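Enquirer: Handing you this structure, nothing more for now.
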Amino acid sequence: MCGIVGAIGERHITEVLIEGLRRLEYRGYDSAGLAVIDQGGIVRERQPGKVQALADASHAAGIDGYVGIAHTRWATHGAPTQDNAHPHQSGDIAVVHNGIIENYEALRERLQGEGFVFTSQTDTEVVPHLIQSELRKGGDFIDAVKRAVAQLHGAFALGIIRACEPERLIAVRQGSPLVVGLGIGENFLSSDQLALLPVTNRFIYLEEGDFVVLTRQKVSVWDRNGDVVKRPAVELDATLHASTKGGYKHYMLKEIYEQPAAIQRTLNGRVSQGRVALDAFGPQAAELLAKARHIQILACGTSYHAGFVAKYWFEAIAGISCHVEVASEFRYRTTVLPPDTLLVTISQSGETADTLAALREVKARAIGSLCICNVPTSTLVRESDMAFITHAGPEIGVASTKAFTTQLVALLLLVLAAGRQHGNVSADREREIVAQLNQLPNLLETVLALDPQIERIAERFGEKHHTLFLGRGAQYPVAMEGALKLKEISYIHAEAYPAGELKHGPLALVDNDMPVVAVAPKNDLIDKLKSNLQEVRARAGELYVFADRNADVRPEPGLTVFPMPGVADEVAPIVYTIPLQLLSYHVAVIKGTDVDQPRNLAKSVTVE
Ligand code: HGA
């Protein structure tokens with residue numbers, strides 16, 4: 001998604017802006033730009049493509065100044081061209097924007113009527129013109145920005161500079177994340193603190209509706225009611241700096257291999273003597289989990305798949321009814337929540353716009369809200385009653401891997417805690433499942449050892465255009481996640497089906513050109529799954545089966561078996577996710593795609 005970086009200092013800040021943008025590259029973007037104030041004028045450079053192109057152009061043009069704003073754009077309105085790249089400008093005002101201005105058409109028409117000339121197709125360009133229009137009506141820069149912002153509908157974060165006022169940088173947060181970085185004699189702005197880690201580790205997390213004026217010495221904040229407020233400064237732990245490839249060819253591969261350690265961090269301090277520590281979910285957890293008669297999970301993308309696995313667990317292990325729905329659907333339909341519903345939201349970044357909006361929409365009708373999130377300082381964590389931080393560590397690859405498996409671990413701990421509070425999980429059962437969780441880091445190392453075999457087989461997918469993924473029970477969402485990974489990074493069309501559903505339609509697609517991938521742990525459904533696999537073989541479908549080595553799935557021509565270690569059914573979804581990640585990764589490498597930053601996609605989806 002789009003990224004904002006801003007800086008005001010006593011040193012030249014172009015390098016700070018460009019380094020900040022580089023650190024946001026992992027989020028996915030299509031163009032980049034910056035504007036600084038130099039000798040009383042706005043100097044702007046914008047380039048389609050990578051930040052490096054912007055860096056080269058800025059260096060060639062010798063752009064520098066003491067105050068500036070920069071942006072990586074992930075287009076929502078208008079193609080990814082130079083003209084549509086941010087910052088957008090109106091005379092001596094330049095603006096960077098994340099989000100969507102929903103009433104831009106009406107504003108654009110009005111401003112054109114006032115004589116403003118538009119040079120882009122973006123919604124964003126109305127903002128600088130609107131500020132100019134307000135300035136013409138009188139008042140100072142700050143008043144004009146406040147009046148302009150009051151006319152904008154939608155979700156946005158803005159960074160604004162004016163050439164004749166080089167002593168201030170204005171920022172607005174309304175529905176899209178923004179943090180202020182505090183320095184000595186300099187201050188910074190960004191949509192993601194990661195961008196500012198080279199220059200500071202002290203941050204102010206802005207709240208919805210905040211209006212901010214940064215000078216070199218001071219940060220002034222007004223809240224949504226227009227009152228001056230003091231927001232606390234938070235000092236960050238230095239471990240957040242760790243985000244290098246560490247010898248791996250791609251962040252995604254590194255993050256796949258980090259999963260045993262990441263899961264260990266998720267478990268650390270959350271289980272002791274075979275029991276789940278209830279307070280890991282927050283001080284009200286014991287009471288709210290006991291009271292909850294229904295769980296509503298809201299999430300998007302990969303996090304939705306984690307929630308879907310948890311639905312099986314909540315009902316089978318904890319005996320509590322559970323629904324899961326993609327947040328972008330839930331937020332816009334009329335919903336009925338059963339009495340005593342506990343909301344569970346899941347998001348890696350904690351800034352997923354649809355998940356946040358769904359939470360806000362429904363919160364008042366639930367007994368409480370809990371989020372499962374990787375970023376402790378995120379909006380979702382701040383707006384939920386309870387939070388469980390997964391401690392997966394920074395995830396840079398756009399295609400989520402370790403964030404997903406750590407979410408699953410967190411959710412299984414939650415299921416055990418809820419089941420215990422309802423009297424449906426005995427102490428022995430809890431100890432048994434906690435023991436399985438504790439064994440996961442070692443078990444996953446065994447599964448990662450399948451990597452060379454998976455890499456060899458991946459060759460066979462390079463020329464294919466479609467793939468089917470099959471699973472049954474809690475392995476169905478695992479198959480969905482496997483299909484999503486393949487789509488995201490290799491651009492091969494992939495669909496997941498509950499294996500029993502095959503004969504109701506998708507079997508028509510199966511021929512010798514359609515690889516079919518299946519996950520087959522040894523459980524109550526294994527014989528049913530084997531019959532489904534036979535249905536595929538009978539139609540010459542090429543099968544790739546990740547099967548428990550004791551499940552008696554035998555290789556034969558057209559049926560490749562990857563032997564998986566024996567694993568308890570409860571944790572099998574976590575274990576069987578790993579080989580599917582590796583398969584997608586190797587297929588993408590063979591196809592030569594941009595594995596860490598796949599086309600059209602973004603990491604933290606902050607627009608709806
Ligand atoms: N709507 C703006 C900004 C898009 C955005 O925030 N993407 O993440 C545009 O299309 O330029």
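Ordering of the structure tokens sets the chain letters (A, B, ...); residue numbers start at 1 within each chain; ligands are numbered from 1 in the order shown.
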Please list as a compact mmCIF listing (two decimals) with N, CA and C atoms, in the first residue's frame every residue within 9 Å of segment 187-199 of chain A, counting only C-alpha atoms and excluding residues in the same chain fewer than 6 positions away.

Expert:
# COMPACT_ATOMS: atom_id res chain seq x y z
N CYS A 2 0.21 2.37 -0.22
CA CYS A 2 0.91 3.65 -0.23
C CYS A 2 1.69 3.87 1.04
N GLY A 3 2.77 4.62 0.92
CA GLY A 3 3.55 4.97 2.10
C GLY A 3 3.84 6.45 2.10
N ILE A 4 3.84 7.01 3.31
CA ILE A 4 4.16 8.44 3.46
C ILE A 4 5.42 8.57 4.31
N VAL A 5 6.30 9.45 3.90
CA VAL A 5 7.43 9.83 4.75
C VAL A 5 7.51 11.36 4.69
N GLY A 6 7.76 11.98 5.83
CA GLY A 6 7.93 13.43 5.86
C GLY A 6 9.04 13.77 6.84
N ALA A 7 9.70 14.89 6.62
CA ALA A 7 10.79 15.28 7.54
C ALA A 7 10.93 16.79 7.55
N ILE A 8 11.25 17.31 8.74
CA ILE A 8 11.60 18.72 8.88
C ILE A 8 12.80 18.77 9.81
N GLY A 9 13.93 19.35 9.34
CA GLY A 9 15.14 19.29 10.16
C GLY A 9 16.08 20.43 9.90
N VAL A 16 16.92 11.06 3.97
CA VAL A 16 16.01 10.49 4.98
C VAL A 16 14.71 10.05 4.29
N LEU A 17 14.23 10.92 3.39
CA LEU A 17 12.97 10.60 2.69
C LEU A 17 13.14 9.35 1.83
N GLU A 19 15.47 6.92 1.99
CA GLU A 19 15.69 5.72 2.80
C GLU A 19 14.37 5.26 3.44
N GLY A 20 13.57 6.23 3.87
CA GLY A 20 12.25 5.90 4.44
C GLY A 20 11.39 5.18 3.41
N LEU A 21 11.39 5.69 2.18
CA LEU A 21 10.59 5.03 1.13
C LEU A 21 11.11 3.63 0.86
N ARG A 22 12.45 3.48 0.87
CA ARG A 22 13.02 2.14 0.62
C ARG A 22 12.49 1.15 1.65
N ARG A 23 12.38 1.61 2.88
CA ARG A 23 11.91 0.71 3.95
C ARG A 23 10.42 0.41 3.82
N LEU A 24 9.73 1.19 3.02
CA LEU A 24 8.30 0.91 2.80
C LEU A 24 8.07 0.12 1.52
N ILE A 69 8.29 16.05 1.84
CA ILE A 69 7.37 14.92 1.95
C ILE A 69 7.65 13.94 0.80
N ASN A 98 -2.43 8.98 1.59
CA ASN A 98 -2.78 7.56 1.60
C ASN A 98 -4.27 7.46 1.82
N ALA A 157 -4.73 9.70 5.13
CA ALA A 157 -3.64 10.29 5.91
C ALA A 157 -2.97 11.26 4.94
N GLY A 159 0.17 14.37 4.27
CA GLY A 159 1.34 15.15 4.65
C GLY A 159 1.34 16.36 3.73
N LEU A 169 5.38 21.49 8.82
CA LEU A 169 4.89 20.38 8.01
C LEU A 169 3.57 19.97 8.67
N ALA A 171 0.22 17.45 9.13
CA ALA A 171 -0.20 16.05 8.91
C ALA A 171 -1.62 15.86 9.44
N SER A 176 -6.52 6.38 8.19
CA SER A 176 -5.35 5.73 7.59
C SER A 176 -4.16 6.01 8.51
N PRO A 177 -3.33 5.00 8.77
CA PRO A 177 -2.33 5.17 9.84
C PRO A 177 -1.26 6.23 9.57
N LEU A 178 -0.78 6.83 10.66
CA LEU A 178 0.25 7.86 10.58
C LEU A 178 0.93 7.97 11.94
N VAL A 179 2.25 8.01 11.92
CA VAL A 179 2.99 8.22 13.18
C VAL A 179 3.93 9.39 13.01
N VAL A 180 4.23 10.02 14.15
CA VAL A 180 5.23 11.09 14.16
C VAL A 180 6.48 10.51 14.81
N GLY A 181 7.64 10.75 14.19
CA GLY A 181 8.92 10.33 14.77
C GLY A 181 9.60 11.55 15.38
N LEU A 214 4.06 19.89 12.62
CA LEU A 214 5.43 19.58 13.05
C LEU A 214 6.33 20.76 12.70
N THR A 215 7.11 21.23 13.67
CA THR A 215 8.20 22.16 13.38
C THR A 215 9.48 21.41 13.76
N ARG A 216 10.63 22.08 13.63
CA ARG A 216 11.87 21.39 14.00
C ARG A 216 11.90 21.07 15.48
N GLN A 217 11.30 21.96 16.29
CA GLN A 217 11.41 21.84 17.74
C GLN A 217 10.19 21.23 18.41
N LYS A 218 9.06 21.22 17.71
CA LYS A 218 7.81 20.96 18.42
C LYS A 218 6.81 20.16 17.57
N VAL A 219 5.99 19.38 18.26
CA VAL A 219 4.90 18.69 17.56
C VAL A 219 3.60 19.07 18.27
N ALA A 238 14.78 -1.85 20.24
CA ALA A 238 15.71 -1.85 19.10
C ALA A 238 15.59 -3.10 18.22
N LEU A 240 13.26 -4.21 16.66
CA LEU A 240 12.45 -3.98 15.47
C LEU A 240 13.31 -3.67 14.24
N HIS A 241 14.56 -3.31 14.50
CA HIS A 241 15.44 -2.97 13.38
C HIS A 241 15.75 -4.17 12.49

Enquirer: Kindly compile the residues surrounding ligand 1 within 6 Å, counting only C-alpha atoms and all ligand atoms, and format them as a ChimeraX atom specification.

Expert: /A:1-2,73-77,97-100,122-124,607

Enquirer: Could you please write out, as a ChimeraX atom specification, every residue of segment 422-607 of chain A that DSSP assigns to strand (DSSP E)?

Expert: /A:466-471,493-498,515-520,542-548,559-564

Enquirer: Just the residues within 7 Å of Pro48 of chain A, please, counting only C-alpha atoms, with nothing from its chain fewer than 4 positions along; format it as a list in words.

Expert: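 Contacts, with the query itself left out: Asp30, Ser31, Ala32, Pro80, Thr81 and Gln82 of chain A.
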
Enquirer: Can you write just those residues out, N, CA, C and O atoms, as a compact mmCIF listing (two decimals), in the first residue's frame?

Expert:
# COMPACT_ATOMS: atom_id res chain seq x y z
N ASP A 30 3.58 1.21 -6.86
CA ASP A 30 3.82 1.24 -8.30
C ASP A 30 4.56 2.48 -8.77
O ASP A 30 4.99 2.55 -9.91
N SER A 31 4.69 3.48 -7.92
CA SER A 31 5.43 4.69 -8.31
C SER A 31 5.85 5.41 -7.03
O SER A 31 5.36 5.08 -5.94
N ALA A 32 6.76 6.36 -7.18
CA ALA A 32 7.27 7.03 -5.98
C ALA A 32 7.56 8.48 -6.32
O ALA A 32 7.80 8.84 -7.48
N PRO A 80 -0.79 3.86 -12.80
CA PRO A 80 0.49 4.17 -12.13
C PRO A 80 1.46 4.93 -13.03
O PRO A 80 2.47 4.40 -13.47
N THR A 81 1.16 6.16 -13.33
CA THR A 81 1.99 6.97 -14.23
C THR A 81 2.71 8.06 -13.43
O THR A 81 2.40 8.29 -12.27
N GLN A 82 3.62 8.76 -14.12
CA GLN A 82 4.34 9.85 -13.45
C GLN A 82 3.37 10.95 -13.02
O GLN A 82 3.45 11.48 -11.92

Enquirer: Closest to Phe203 of chain A among A:Met514, A:Met564, A:Leu533, A:Val234, using only C-alpha atoms?

Expert: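 The shortest atom-to-atom distance to Phe203 of chain A comes from A:Val234.
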
Enquirer: Taking only C-alpha atoms into account, which of A:Ala547, A:Val67, A:Ala572, A:Ile131 comes nearest Ile433 of chain A?

Expert: A:Ala572
